[in-house]
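**Q** Compact mmCIF, C-alpha atoms, saved as model-v7.txt, coming up:
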```txt
# COMPACT_ATOMS: atom_id res chain seq x y z
CA MET J 1219 29.97 -27.07 27.21
CA LEU J 1220 29.65 -29.71 29.91
CA LEU J 1221 32.50 -29.62 32.36
CA THR J 1222 32.07 -32.94 34.14
CA ALA J 1223 35.20 -35.01 33.64
CA PRO J 1224 34.99 -38.59 32.36
CA ASP J 1225 36.21 -39.82 35.75
CA CYS J 1226 33.60 -37.91 37.74
CA PHE J 1227 31.58 -40.30 39.87
CA TYR J 1228 28.66 -39.99 42.21
CA LEU J 1229 28.16 -42.20 45.23
CA ARG J 1230 25.13 -44.40 45.57
CA SER J 1231 23.93 -47.33 47.58
CA SER J 1232 24.82 -50.87 46.64
CA PHE J 1233 22.62 -52.56 44.08
CA LEU J 1234 24.64 -55.70 43.38
CA PRO J 1235 27.03 -57.52 45.71
CA ARG J 1236 30.31 -58.53 44.11
CA SER J 1237 29.35 -62.20 44.19
CA PHE J 1238 26.03 -61.66 42.41
CA CYS J 1239 25.37 -63.82 39.37
CA PHE J 1240 22.55 -63.42 36.86
CA THR J 1241 20.57 -66.62 36.50
CA ASN J 1242 18.07 -65.26 34.01
CA SER J 1243 19.20 -63.27 31.00
CA LYS J 1244 15.69 -62.03 30.20
CA VAL J 1245 15.69 -58.37 31.19
CA LEU J 1246 13.57 -55.48 30.05
CA SER J 1247 14.96 -53.44 27.18
CA LEU J 1248 13.65 -50.08 26.05
CA ASN J 1249 11.92 -51.70 23.10
CA SER J 1250 10.32 -54.46 25.15
CA PRO J 1251 6.49 -54.41 25.16
CA ARG J 1252 6.57 -54.99 28.92
CA THR J 1253 8.80 -51.98 29.45
CA TRP J 1254 6.54 -49.64 27.53
CA ALA J 1255 3.24 -51.01 28.83
CA SER J 1256 3.07 -48.45 31.64
CA ARG J 1257 4.08 -45.40 29.64
CA PRO J 1258 2.04 -42.21 30.17
CA ARG J 1259 -0.85 -41.17 27.97
CA ALA J 1260 1.32 -38.72 26.07
CA SER J 1261 3.30 -41.38 24.19
CA LEU J 1262 7.04 -41.32 24.49
CA ILE J 1263 9.08 -41.31 21.29
CA THR J 1264 10.65 -44.74 20.82
CA THR J 1265 12.01 -44.91 17.27
CA PRO J 1266 15.68 -44.05 16.59
CA ASP J 1267 14.69 -42.30 13.31
CA SER J 1268 12.86 -39.65 15.34
CA PHE J 1269 16.12 -38.38 16.82
CA GLN J 1270 19.33 -36.83 15.63
CA VAL J 1271 22.29 -37.51 17.90
CA GLY J 1272 24.86 -34.74 18.26
CA ARG J 1273 28.26 -34.39 19.87
CA LEU J 1274 29.43 -36.02 23.08
CA ILE J 1275 29.22 -33.43 25.87
CA GLY J 1276 30.33 -35.41 28.91
CA SER J 1277 30.45 -38.67 30.79
CA TYR J 1278 30.35 -39.90 34.34
CA GLY J 1279 29.91 -43.05 36.38
CA PHE J 1280 28.91 -44.17 39.84
CA MET J 1281 30.42 -45.79 42.89
CA ASN J 1282 28.54 -48.69 44.47
CA ILE J 1283 28.67 -49.63 48.14
CA THR J 1284 29.12 -53.37 48.41
CA SER J 1285 29.54 -54.19 52.09
CA TYR J 1286 28.70 -52.81 55.49
CA SER J 1287 30.41 -53.18 58.85
CA GLY J 1288 30.21 -51.37 62.17
CA PHE J 1289 32.90 -48.74 62.72
CA GLN J 1290 35.29 -48.85 65.67
CA PRO J 1291 34.94 -45.66 67.74
CA GLY J 1292 38.02 -43.92 69.06
CA PRO J 1293 38.67 -43.38 72.77
CA ASP J 1294 37.16 -39.87 72.66
CA ALA J 1295 34.01 -40.83 70.76
CA GLU J 1296 30.84 -39.60 72.44
CA TYR J 1297 28.33 -41.86 70.68
CA SER J 1298 26.29 -44.37 72.63
CA LEU J 1299 26.48 -48.06 71.79
CA GLU J 1300 23.05 -47.71 70.16
CA ASP J 1301 24.36 -45.00 67.83
CA VAL J 1302 27.41 -47.06 66.96
CA GLY J 1303 25.16 -49.95 66.02
CA ARG J 1304 23.17 -47.79 63.63
CA LEU J 1305 26.09 -46.13 61.85
CA ARG J 1306 27.92 -48.26 59.31
CA VAL J 1307 31.19 -47.93 57.42
CA GLN J 1308 30.79 -48.79 53.75
CA ASP J 1309 33.21 -50.38 51.28
CA VAL J 1310 33.07 -48.45 48.04
CA GLY J 1311 33.89 -49.70 44.55
CA GLU J 1312 33.53 -48.39 41.01
CA GLY J 1313 30.37 -49.48 39.21
CA ASN J 1314 30.51 -51.30 35.89
CA VAL J 1315 28.12 -49.08 33.96
CA LYS J 1316 29.28 -45.73 32.59
CA ILE J 1317 27.05 -42.89 31.43
CA ARG J 1318 27.66 -40.91 28.22
CA LEU J 1319 25.82 -37.68 27.49
CA HIS J 1320 25.17 -36.40 23.95
CA GLU J 1321 23.41 -33.38 22.53
CA GLY J 1322 20.50 -34.16 20.25
CA ILE J 1323 17.26 -33.00 18.70
CA ILE J 1324 13.86 -34.50 17.86
CA THR J 1325 13.47 -34.58 14.08
CA GLN J 1326 9.91 -35.87 13.64
CA GLY J 1327 6.44 -35.44 15.09
CA PRO J 1328 4.82 -32.65 17.11
CA LEU J 1329 7.98 -32.13 19.17
CA ARG J 1330 10.16 -31.70 16.09
CA GLY J 1331 13.01 -29.28 16.78
CA THR J 1332 12.98 -29.86 20.55
CA PRO J 1333 16.54 -30.09 21.91
CA VAL J 1334 17.29 -33.13 24.06
CA ILE J 1335 20.11 -34.60 26.09
CA PHE J 1336 20.77 -38.26 25.32
CA LYS J 1337 21.83 -40.45 28.20
CA CYS J 1338 23.56 -43.59 26.98
CA LEU J 1339 24.27 -46.38 29.44
CA VAL J 1340 27.54 -48.04 28.44
CA TYR J 1341 28.83 -51.40 29.64
CA PRO J 1342 32.37 -51.88 28.33
CA GLY J 1343 33.39 -55.49 27.79
CA GLN J 1344 31.19 -57.44 30.18
CA ARG J 1345 27.85 -59.05 29.46
CA ALA J 1346 26.90 -58.94 33.17
CA ALA J 1347 27.43 -55.19 33.14
CA GLY J 1348 25.30 -55.08 29.98
CA ILE J 1349 22.43 -56.64 31.87
CA GLU J 1350 22.95 -54.10 34.66
CA ALA J 1351 22.68 -51.31 32.09
CA ASP J 1352 19.47 -52.81 30.69
CA MET J 1353 17.97 -53.01 34.16
CA MET J 1354 19.04 -49.48 35.03
CA ALA J 1355 17.58 -48.08 31.80
CA ALA J 1356 14.30 -49.95 32.30
CA ASN J 1357 14.09 -48.77 35.91
CA GLU J 1358 14.78 -45.15 34.95
CA LEU J 1359 12.13 -45.37 32.24
CA SER J 1360 9.63 -46.79 34.72
CA ALA J 1361 10.35 -44.07 37.28
CA HIS J 1362 9.98 -41.24 34.77
CA THR J 1363 6.80 -42.59 33.21
CA PHE J 1364 5.20 -42.92 36.63
CA LEU J 1365 6.25 -39.44 37.78
CA GLN J 1366 5.07 -37.94 34.46
CA SER J 1367 1.80 -39.90 34.31
CA ASN J 1368 -0.35 -36.94 35.43
CA ALA J 1369 0.18 -33.97 33.12
CA LYS J 1370 -1.42 -31.66 35.71
CA ASP J 1371 0.96 -32.73 38.45
CA ILE J 1372 4.51 -32.77 37.08
CA SER J 1373 7.36 -31.46 39.18
CA GLN J 1374 9.33 -28.53 37.81
CA ASN J 1375 12.39 -29.90 39.60
CA ILE J 1376 12.69 -33.31 37.91
CA GLN J 1377 14.04 -33.65 34.38
CA ILE J 1378 11.45 -34.75 31.80
CA LEU J 1379 11.89 -37.94 29.76
CA LEU J 1380 10.74 -37.55 26.15
CA GLY J 1381 11.62 -40.98 24.80
CA GLY J 1382 14.36 -43.46 24.13
CA PHE J 1383 15.54 -46.37 22.03
CA GLU J 1384 17.88 -49.34 21.93
CA THR J 1385 20.67 -49.53 19.35
CA LYS J 1386 21.53 -52.64 17.31
CA THR J 1387 24.51 -53.18 19.61
CA GLY J 1388 22.21 -53.25 22.64
CA GLU J 1389 23.00 -49.83 24.10
CA GLN J 1390 20.13 -48.10 25.87
CA TRP J 1391 19.58 -44.43 24.96
CA LEU J 1392 17.22 -42.21 26.95
CA ALA J 1393 16.15 -38.82 25.53
CA LEU J 1394 15.62 -36.19 28.22
CA ARG J 1395 14.45 -32.63 27.66
CA ASP J 1396 17.41 -30.27 27.49
CA ASP J 1397 16.94 -28.32 30.70
CA GLY J 1398 20.62 -27.44 30.92
CA LYS J 1399 23.99 -28.97 30.19
CA TYR J 1400 25.51 -28.21 33.58
CA SER J 1401 25.36 -30.13 36.82
CA ALA J 1402 25.88 -29.10 40.43
CA ALA J 1403 29.33 -30.70 40.14
CA ASP J 1404 30.13 -28.43 37.20
CA TYR J 1405 29.03 -25.36 39.15
CA ALA J 1406 31.17 -26.29 42.18
CA LYS J 1407 34.18 -26.94 39.95
CA VAL J 1408 33.88 -23.61 38.12
CA SER J 1409 33.24 -21.70 41.34
CA SER J 1410 36.31 -23.10 43.10
CA GLU J 1411 38.49 -22.52 40.03
CA ASN J 1412 37.35 -18.90 39.86
CA LEU J 1413 38.30 -18.45 43.52
CA THR J 1414 41.75 -19.83 42.77
CA LYS J 1415 42.23 -17.46 39.82
CA ASN J 1416 41.05 -14.42 41.77
CA ARG J 1417 43.37 -15.13 44.68
CA ALA J 1418 46.28 -15.80 42.35
CA LEU J 1419 45.76 -12.29 40.97
CA GLY J 1420 45.32 -10.80 44.43
CA VAL J 1421 48.75 -9.14 44.49
CA GLN J 1422 48.21 -7.44 41.13
CA LYS J 1423 44.60 -6.46 41.56
CA SER J 1424 42.78 -4.58 44.29
CA TRP J 1425 39.46 -6.21 45.07
CA ASN J 1426 36.87 -3.73 46.22
CA PRO J 1427 35.55 -4.91 49.64
CA PHE J 1428 31.99 -4.06 48.59
CA GLU J 1429 32.37 -6.12 45.41
CA GLN J 1430 33.83 -9.00 47.41
CA GLU J 1431 30.89 -8.93 49.80
CA LEU J 1432 28.43 -8.86 46.89
CA THR J 1433 30.18 -11.81 45.24
CA ILE J 1434 29.95 -13.92 48.41
CA LYS J 1435 26.30 -12.94 48.89
CA ARG J 1436 25.50 -14.04 45.33
CA LYS J 1437 27.28 -17.35 45.87
CA ARG J 1438 25.30 -18.04 49.04
CA GLU J 1439 22.00 -17.19 47.34
CA PHE J 1440 22.88 -19.40 44.36
CA VAL J 1441 23.78 -22.41 46.52
CA ILE J 1442 20.64 -22.15 48.66
CA LYS J 1443 18.40 -21.85 45.59
CA LEU J 1444 20.17 -24.81 43.96
CA LEU J 1445 19.58 -26.90 47.09
CA ARG J 1446 15.95 -25.81 47.35
CA GLY J 1447 15.30 -26.99 43.80
CA ALA J 1448 16.93 -30.36 44.44
CA MET J 1449 15.03 -30.82 47.71
CA SER J 1450 11.74 -29.82 46.03
CA GLY J 1451 12.28 -32.54 43.43
CA LEU J 1452 13.09 -35.03 46.17
CA ALA J 1453 10.02 -34.03 48.19
CA TYR J 1454 7.86 -34.60 45.09
CA MET J 1455 9.35 -38.06 44.59
CA HIS J 1456 8.79 -39.03 48.22
CA ASP J 1457 5.22 -37.73 48.12
CA HIS J 1458 4.68 -40.08 45.16
CA ASP J 1459 6.31 -43.09 46.87
CA ARG J 1460 9.55 -43.00 44.93
CA LEU J 1461 13.11 -42.85 46.26
CA HIS J 1462 15.96 -41.35 44.24
CA GLN J 1463 18.82 -43.42 45.67
CA SER J 1464 21.66 -41.84 43.66
CA LEU J 1465 21.49 -38.20 44.72
CA GLY J 1466 24.79 -36.40 44.28
CA PRO J 1467 26.42 -33.39 42.56
CA SER J 1468 26.25 -35.03 39.13
CA SER J 1469 22.57 -35.90 39.47
CA VAL J 1470 21.34 -32.29 39.74
CA VAL J 1471 21.10 -30.51 36.39
CA LEU J 1472 21.19 -26.69 36.16
CA ASN J 1473 20.10 -24.24 33.51
CA THR J 1474 22.89 -21.82 34.51
CA ILE J 1475 26.04 -21.73 36.60
CA MET J 1476 26.30 -17.93 36.63
CA GLU J 1477 25.84 -16.74 40.21
CA ARG J 1478 24.56 -13.36 39.09
CA ASP J 1479 21.69 -15.22 37.38
CA ALA J 1480 20.51 -16.93 40.59
CA ALA J 1481 17.03 -15.42 40.15
CA TYR J 1482 16.62 -17.53 36.99
CA LEU J 1483 18.24 -20.70 38.31
CA VAL J 1484 16.20 -23.90 38.03
CA SER J 1485 17.74 -27.10 39.37
CA LYS J 1486 16.27 -30.48 38.43
CA LEU J 1487 16.93 -34.02 39.55
CA ARG J 1488 18.07 -36.58 37.00
CA ASP J 1489 19.60 -40.09 37.13
CA LEU J 1490 16.60 -42.10 38.29
CA ALA J 1491 18.17 -45.43 37.29
CA PHE J 1492 18.24 -46.60 40.90
CA SER J 1493 14.88 -45.13 41.92
CA VAL J 1494 12.90 -47.39 44.25
CA ASP J 1495 9.12 -47.84 44.46
CA ILE J 1496 8.09 -47.72 48.14
CA SER J 1497 4.34 -47.90 47.58
CA MET J 1498 4.35 -51.41 49.12
CA GLU J 1499 2.59 -52.70 46.00
CA LYS J 1500 5.58 -54.69 44.77
CA GLY J 1501 8.28 -56.80 46.34
CA PRO J 1502 12.01 -56.01 46.44
CA GLY J 1503 14.00 -56.12 43.22
CA ILE J 1504 17.64 -56.66 42.34
CA LEU J 1505 18.46 -52.95 42.06
CA ASP J 1506 17.18 -52.17 45.55
CA ASP J 1507 18.66 -55.21 47.28
CA GLY J 1508 21.43 -53.16 48.91
CA LEU J 1509 18.95 -50.64 50.31
CA TRP J 1510 16.95 -53.30 52.13
CA ARG J 1511 20.08 -55.03 53.42
CA ARG J 1512 21.16 -51.73 54.96
CA ALA J 1513 17.65 -51.22 56.32
CA ALA J 1514 17.84 -54.59 58.08
CA ALA J 1515 21.29 -53.70 59.45
CA ALA J 1516 19.78 -50.51 60.90
CA GLY J 1517 16.94 -52.39 62.57
CA ALA J 1518 14.18 -51.67 60.02
CA PHE J 1519 12.24 -54.90 59.50
CA THR J 1520 8.56 -53.97 59.12
CA LEU J 1521 7.23 -52.53 55.87
CA MET J 1522 6.65 -49.13 57.44
CA ASP J 1523 10.13 -49.08 59.03
CA LYS J 1524 11.69 -50.03 55.69
CA ARG J 1525 9.78 -47.23 53.97
CA ALA J 1526 10.94 -44.75 56.61
CA PHE J 1527 14.51 -46.00 56.24
CA GLY J 1528 14.40 -45.55 52.46
CA ILE J 1529 13.18 -41.97 52.75
CA SER J 1530 15.77 -41.16 55.42
CA ASP J 1531 18.47 -42.74 53.24
CA ASP J 1532 17.65 -40.24 50.49
CA ILE J 1533 17.78 -37.46 53.10
CA TYR J 1534 21.24 -38.64 54.15
CA GLU J 1535 22.42 -38.45 50.53
CA ALA J 1536 20.85 -34.99 50.29
CA GLY J 1537 22.81 -34.06 53.42
CA LEU J 1538 26.05 -35.12 51.74
CA LEU J 1539 25.06 -33.02 48.71
CA PHE J 1540 24.36 -30.08 51.05
CA ALA J 1541 27.80 -30.50 52.63
CA TYR J 1542 29.45 -30.69 49.20
CA LEU J 1543 27.80 -27.45 48.05
CA ALA J 1544 28.55 -25.75 51.37
CA PHE J 1545 32.27 -26.46 51.03
CA VAL J 1546 33.52 -26.99 47.46
CA PRO J 1547 32.21 -23.74 45.84
CA PHE J 1548 33.57 -21.73 48.79
CA CYS J 1549 37.08 -23.24 48.67
CA GLU J 1550 39.89 -22.96 46.17
CA ALA J 1551 40.32 -25.77 43.65
CA GLY J 1552 41.80 -28.93 45.09
CA ILE J 1553 41.11 -28.09 48.73
CA MET J 1554 38.02 -30.28 49.03
CA ASP J 1555 36.31 -32.92 46.88
CA CYS J 1556 33.31 -35.21 47.26
CA LEU J 1557 35.09 -38.32 48.57
CA SER J 1558 37.45 -36.39 50.86
CA LEU J 1559 34.53 -34.51 52.38
CA GLN J 1560 32.55 -37.69 52.95
CA ARG J 1561 35.54 -39.36 54.63
CA LEU J 1562 35.99 -36.27 56.80
CA LEU J 1563 32.35 -36.36 57.88
CA GLU J 1564 31.91 -40.10 58.34
CA SER J 1565 35.32 -41.45 59.32
CA THR J 1566 37.30 -38.62 60.88
CA PHE J 1567 34.47 -36.93 62.81
CA GLN J 1568 31.89 -39.75 62.76
CA LEU J 1569 29.16 -37.26 61.86
CA ASP J 1570 29.93 -34.96 64.81
CA LEU J 1571 29.41 -31.59 63.09
CA LYS J 1572 30.45 -29.54 66.12
CA ALA J 1573 33.86 -31.20 66.11
CA MET J 1574 34.13 -30.75 62.36
CA ARG J 1575 33.34 -27.04 62.66
CA GLU J 1576 36.18 -26.59 65.18
CA TYR J 1577 38.53 -28.36 62.79
CA CYS J 1578 37.46 -26.20 59.84
CA LEU J 1579 37.82 -22.99 61.86
CA ALA J 1580 41.52 -23.75 62.27
CA ASP J 1581 42.03 -23.92 58.49
CA ASP J 1582 41.89 -20.52 56.76
CA ARG J 1583 41.15 -22.22 53.44
CA LEU J 1584 37.76 -23.41 54.80
CA LEU J 1585 36.67 -20.20 56.54
CA GLU J 1586 34.15 -19.06 53.89
CA ALA J 1587 32.42 -22.45 54.08
CA VAL J 1588 32.27 -22.15 57.87
CA LYS J 1589 30.84 -18.62 57.61
CA PHE J 1590 28.20 -19.84 55.18
CA LEU J 1591 27.03 -22.60 57.54
CA ASP J 1592 27.28 -20.19 60.49
CA LEU J 1593 24.54 -17.96 59.04
CA GLY J 1594 21.53 -17.62 61.31
CA ALA J 1595 23.47 -18.53 64.45
CA GLY J 1596 24.71 -21.79 62.96
CA ALA J 1597 21.51 -22.70 61.09
CA GLY J 1598 23.49 -24.45 58.34
CA TRP J 1599 25.34 -26.70 60.78
CA GLU J 1600 22.08 -27.40 62.59
CA LEU J 1601 20.32 -28.53 59.41
CA LEU J 1602 23.31 -30.53 58.21
CA GLN J 1603 23.55 -32.33 61.56
CA VAL J 1604 19.93 -33.52 61.53
CA MET J 1605 20.12 -34.60 57.86
CA LEU J 1606 23.20 -36.69 58.67
CA ASN J 1607 21.92 -38.03 61.97
CA PRO J 1608 23.30 -41.57 62.54
CA ASP J 1609 19.82 -42.67 63.62
CA PHE J 1610 17.65 -42.79 60.51
CA ARG J 1611 14.53 -42.30 62.63
CA LYS J 1612 15.69 -38.82 63.66
CA ARG J 1613 16.31 -37.42 60.16
CA PRO J 1614 13.76 -34.92 58.82
CA ILE J 1615 11.55 -35.48 55.78
CA ALA J 1616 12.21 -33.44 52.64
CA GLU J 1617 9.38 -30.98 53.34
CA ALA J 1618 10.84 -30.23 56.78
CA VAL J 1619 14.23 -29.55 55.19
CA LEU J 1620 12.61 -27.12 52.74
CA ASN J 1621 10.89 -25.30 55.61
CA HIS J 1622 14.05 -24.96 57.69
CA ARG J 1623 15.13 -21.33 58.14
CA PHE J 1624 18.44 -21.98 56.36
CA MET J 1625 16.68 -23.28 53.24
CA THR J 1626 14.03 -20.56 53.15
CA GLY J 1627 16.76 -17.96 52.75
CA ALA J 1628 15.75 -16.22 56.00
CA VAL J 1629 19.38 -16.36 57.13
CA LEU J 1630 20.64 -14.30 54.18
```
Written as structure tokens, how would this file's structure read?
**A**
Amino acid sequence: MLLTAPDCFYLRSSFLPRSFCFTNSKVLSLNSPRTWASRPRASLITTPDSFQVGRLIGSYGFMNITSYSGFQPGPDAEYSLEDVGRLRVQDVGEGNVKIRLHEGIITQGPLRGTPVIFKCLVYPGQRAAGIEADMMAANELSAHTFLQSNAKDISQNIQILLGGFETKTGEQWLALRDDGKYSAADYAKVSSENLTKNRALGVQKSWNPFEQELTIKRKREFVIKLLRGAMSGLAYMHDHDRLHQSLGPSSVVLNTIMERDAAYLVSKLRDLAFSVDISMEKGPGILDDGLWRRAAAAGAFTLMDKRAFGISDDIYEAGLLFAYLAFVPFCEAGIMDCLSLQRLLESTFQLDLKAMREYCLADDRLLEAVKFLDLGAGAGWELLQVMLNPDFRKRPIAEAVLNHRFMTGAVL
């Protein structure tokens, strides 16, 4: 059972300004010869008859950032004017395209019987949104086929695309290997709800201190392993000149959400619809327009600076994911959510993690999250601060994040 609610969104960078108009209706569809020209040697399955579509298991959407303006620091802000110029406040709006997930199975060919998860890009009511969905599907297809092109060098932390097709009504369906029906958002939701239930029963039930300590230890191990898997997938993408550009709790798929099964946990990146090629072999496209506008606003004008900005932008999103998983699973339901946490980090504390820690210490409901980030003499806060550094040039690469003592598990 997938637990992501239909109104669950993940944040991503802008890909279309509100005033954008399509002047050419010719876009790549999944059945277009141009779309499939670069598919890997192991042919993807492209005929609808090769699949059996099962029940709907979930849906989600995305939020797009459509404008950027410098924030106004308060009287006590300690940032320099240079920092203020690099940090931007973003206007966020709901994207047009929605994502539906269905169970399914391959019914023909050598992969017959293989379970899959269908990702259907839906564009309710607007032709412009339909073109967006076509472009997103084609871009996701292109990203997967490139990343899967070498059978000897495929990441274990990126979901595998097995095929796809276009329906008569124009909907784009991608078939991904069923590596799990849960997402990091599902795990955080279940974890926080379990905390709420346990504390509601606290008066009636005596919780063994040893059991409580073991439960918290398992949670910490689970979260760190989840993050390591996501960062490993991101490092692989960056090593192959691809950005993710929509990294969030809903874009990390898990094979289990049971904390006692952390040893078997495998987390994989999905949702490559906004992936960007930074190999410098092609010019900018419509889907990555917002990225390069933000790069210019941050002072990145040369090709190498733009590439560095793109990589650091993914790291920033990974930092927000880190913050989400450091807080939501360790708090009771309703205490913290993705948007509230991002506002707290960016608007209230303007990415000053020391100030945020002091604030969280004063709230008993956030103490377990603080203790988690305090491990290793504050190693979690240290890593989070550099990943969310207002200056993109000072953020670490994905490999450096993986080698940080907090991520290696040395703090546990």
**Q** Which one is closest to Asp1404 in chain J: J:Tyr1278, J:Phe1336, J:Tyr1482, J:Phe1428? Count all atoms listed in the file.
**A** J:Tyr1278
**Q** Quick one: of J:Arg1478, J:His1462, J:Lys1589, J:Arg1330, who's nearest to Ile1496 in chain J, counting all atoms listed in the file?
**A** J:His1462
**Q** Given the point (16.9, -25.7, 32.6) in the file's coordinates, find the residues that have an atom at most 12 Å from it, counting only C-alpha atoms, and give them as a ChimeraX atom specification.
**A** /J:1333-1335,1374-1378,1394-1401,1444,1447,1470-1475,1482-1488
**Q** Which is closer to Val1604 in chain J than all the others in J:Leu1584, J:Met1449, J:Val1619, J:Ala1406, using all atoms listed in the file?
**A**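 Of the candidates, the smallest distance to Val1604 in chain J is held by J:Val1619.
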**Q** With a distance cut-off of 9 Å and all atoms listed in the file, select the neighbouring residues of Trp1391 in chain J, excluding the residue or stretch itself and same-chain residues fewer than 3 positions from it, and output the selection as a CSV table (one decimal) with C-alpha atoms, keeping the file's coordinate frame.
**A**
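Saved as part-v2.csv:
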```
chain,number,residue,atom,x,y,z
J,1248,LEU,CA,13.6,-50.1,26.0
J,1336,PHE,CA,20.8,-38.3,25.3
J,1337,LYS,CA,21.8,-40.4,28.2
J,1338,CYS,CA,23.6,-43.6,27.0
J,1339,LEU,CA,24.3,-46.4,29.4
J,1355,ALA,CA,17.6,-48.1,31.8
J,1381,GLY,CA,11.6,-41.0,24.8
J,1382,GLY,CA,14.4,-43.5,24.1
J,1383,PHE,CA,15.5,-46.4,22.0
J,1384,GLU,CA,17.9,-49.3,21.9
J,1385,THR,CA,20.7,-49.5,19.4
```
**Q** Please report the interatomic distance between CA of Leu1413 in chain J and CA of Pro1547 in chain J in Å with one decimal.
**A** 8.4 Å
**Q** Suppose you want the space between CA of Leu1445 in chain J and CA of Glu1600 in chain J; what is it in Å?
**A**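 Those two atoms sit 15.7 Å apart.
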**Q** Just how far from CA of Arg1575 in chain J is CA of Leu1601 in chain J, in Å to one decimal?
**A**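 Going from CA of Leu1601 in chain J over to CA of Arg1575 in chain J covers 13.5 Å.
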**Q** Write out as JSON, numbers by chain which residues come within 9 Å of Leu1606 in chain J when counting all atoms listed in the file, dropping same-chain ones fewer than 4 positions away.
**A** {"J": [1533, 1534, 1535, 1536, 1537, 1538, 1569, 1601, 1602, 1610, 1613]}
**Q** Based on the selection just made, write C-alpha atoms of those residues as an mmCIF file, in the coordinates of the input.
**A**
```cif
data_model
loop_
_atom_site.group_PDB
_atom_site.id
_atom_site.type_symbol
_atom_site.label_atom_id
_atom_site.label_comp_id
_atom_site.auth_asym_id
_atom_site.auth_seq_id
_atom_site.Cartn_x
_atom_site.Cartn_y
_atom_site.Cartn_z
ATOM 1 C CA ILE J 1533 17.780 -37.460 53.100
ATOM 2 C CA TYR J 1534 21.240 -38.640 54.150
ATOM 3 C CA GLU J 1535 22.420 -38.450 50.530
ATOM 4 C CA ALA J 1536 20.850 -34.990 50.290
ATOM 5 C CA GLY J 1537 22.810 -34.060 53.420
ATOM 6 C CA LEU J 1538 26.050 -35.120 51.740
ATOM 7 C CA LEU J 1569 29.160 -37.260 61.860
ATOM 8 C CA LEU J 1601 20.320 -28.530 59.410
ATOM 9 C CA LEU J 1602 23.310 -30.530 58.210
ATOM 10 C CA PHE J 1610 17.650 -42.790 60.510
ATOM 11 C CA ARG J 1613 16.310 -37.420 60.160
#
```
**Q** Which residue is closest to Ile1317 in chain J? Choose from J:Ala1369, J:Asp1489, J:Ala1551, J:Ser1268 and count all atoms listed in the file.
**A**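 Checking each candidate against Ile1317 in chain J, we get J:Asp1489 as the closest.
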**Q** Restore N, CA, C and O atoms in range 1321-1330 of chain J and list the result as a PDB file, in the coordinates of the input.
**A**
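Okay, this is what ended up in out.pdb:
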```pdb
ATOM      1  N   GLU J1321      24.436 -34.318  22.989  1.00  0.00           N
ATOM      2  CA  GLU J1321      23.410 -33.380  22.530  1.00  0.00           C
ATOM      3  C   GLU J1321      22.553 -34.087  21.503  1.00  0.00           C
ATOM      4  O   GLU J1321      22.961 -35.075  20.895  1.00  0.00           O
ATOM      5  N   GLY J1322      21.348 -33.581  21.284  1.00  0.00           N
ATOM      6  CA  GLY J1322      20.500 -34.160  20.250  1.00  0.00           C
ATOM      7  C   GLY J1322      19.287 -33.300  19.987  1.00  0.00           C
ATOM      8  O   GLY J1322      19.079 -32.252  20.631  1.00  0.00           O
ATOM      9  N   ILE J1323      18.473 -33.745  19.059  1.00  0.00           N
ATOM     10  CA  ILE J1323      17.260 -33.000  18.700  1.00  0.00           C
ATOM     11  C   ILE J1323      16.224 -33.986  18.184  1.00  0.00           C
ATOM     12  O   ILE J1323      16.563 -35.038  17.631  1.00  0.00           O
ATOM     13  N   ILE J1324      14.948 -33.688  18.411  1.00  0.00           N
ATOM     14  CA  ILE J1324      13.860 -34.500  17.860  1.00  0.00           C
ATOM     15  C   ILE J1324      13.600 -34.023  16.438  1.00  0.00           C
ATOM     16  O   ILE J1324      13.450 -32.824  16.190  1.00  0.00           O
ATOM     17  N   THR J1325      13.554 -34.951  15.499  1.00  0.00           N
ATOM     18  CA  THR J1325      13.470 -34.580  14.080  1.00  0.00           C
ATOM     19  C   THR J1325      12.098 -34.855  13.460  1.00  0.00           C
ATOM     20  O   THR J1325      11.859 -34.484  12.314  1.00  0.00           O
ATOM     21  N   GLN J1326      11.218 -35.530  14.193  1.00  0.00           N
ATOM     22  CA  GLN J1326       9.910 -35.870  13.640  1.00  0.00           C
ATOM     23  C   GLN J1326       8.823 -35.644  14.676  1.00  0.00           C
ATOM     24  O   GLN J1326       9.083 -35.616  15.875  1.00  0.00           O
ATOM     25  N   GLY J1327       7.588 -35.501  14.198  1.00  0.00           N
ATOM     26  CA  GLY J1327       6.440 -35.440  15.090  1.00  0.00           C
ATOM     27  C   GLY J1327       6.185 -34.059  15.658  1.00  0.00           C
ATOM     28  O   GLY J1327       6.855 -33.074  15.303  1.00  0.00           O
ATOM     29  N   PRO J1328       5.218 -33.958  16.558  1.00  0.00           N
ATOM     30  CA  PRO J1328       4.820 -32.650  17.110  1.00  0.00           C
ATOM     31  C   PRO J1328       5.917 -31.970  17.913  1.00  0.00           C
ATOM     32  O   PRO J1328       5.869 -30.751  18.091  1.00  0.00           O
ATOM     33  N   LEU J1329       6.887 -32.730  18.408  1.00  0.00           N
ATOM     34  CA  LEU J1329       7.980 -32.130  19.170  1.00  0.00           C
ATOM     35  C   LEU J1329       9.219 -31.881  18.301  1.00  0.00           C
ATOM     36  O   LEU J1329      10.305 -31.642  18.814  1.00  0.00           O
ATOM     37  N   ARG J1330       9.032 -31.910  17.015  1.00  0.00           N
ATOM     38  CA  ARG J1330      10.160 -31.700  16.090  1.00  0.00           C
ATOM     39  C   ARG J1330      10.873 -30.386  16.407  1.00  0.00           C
ATOM     40  O   ARG J1330      10.244 -29.351  16.605  1.00  0.00           O
TER      41      ARG J1330
END
```
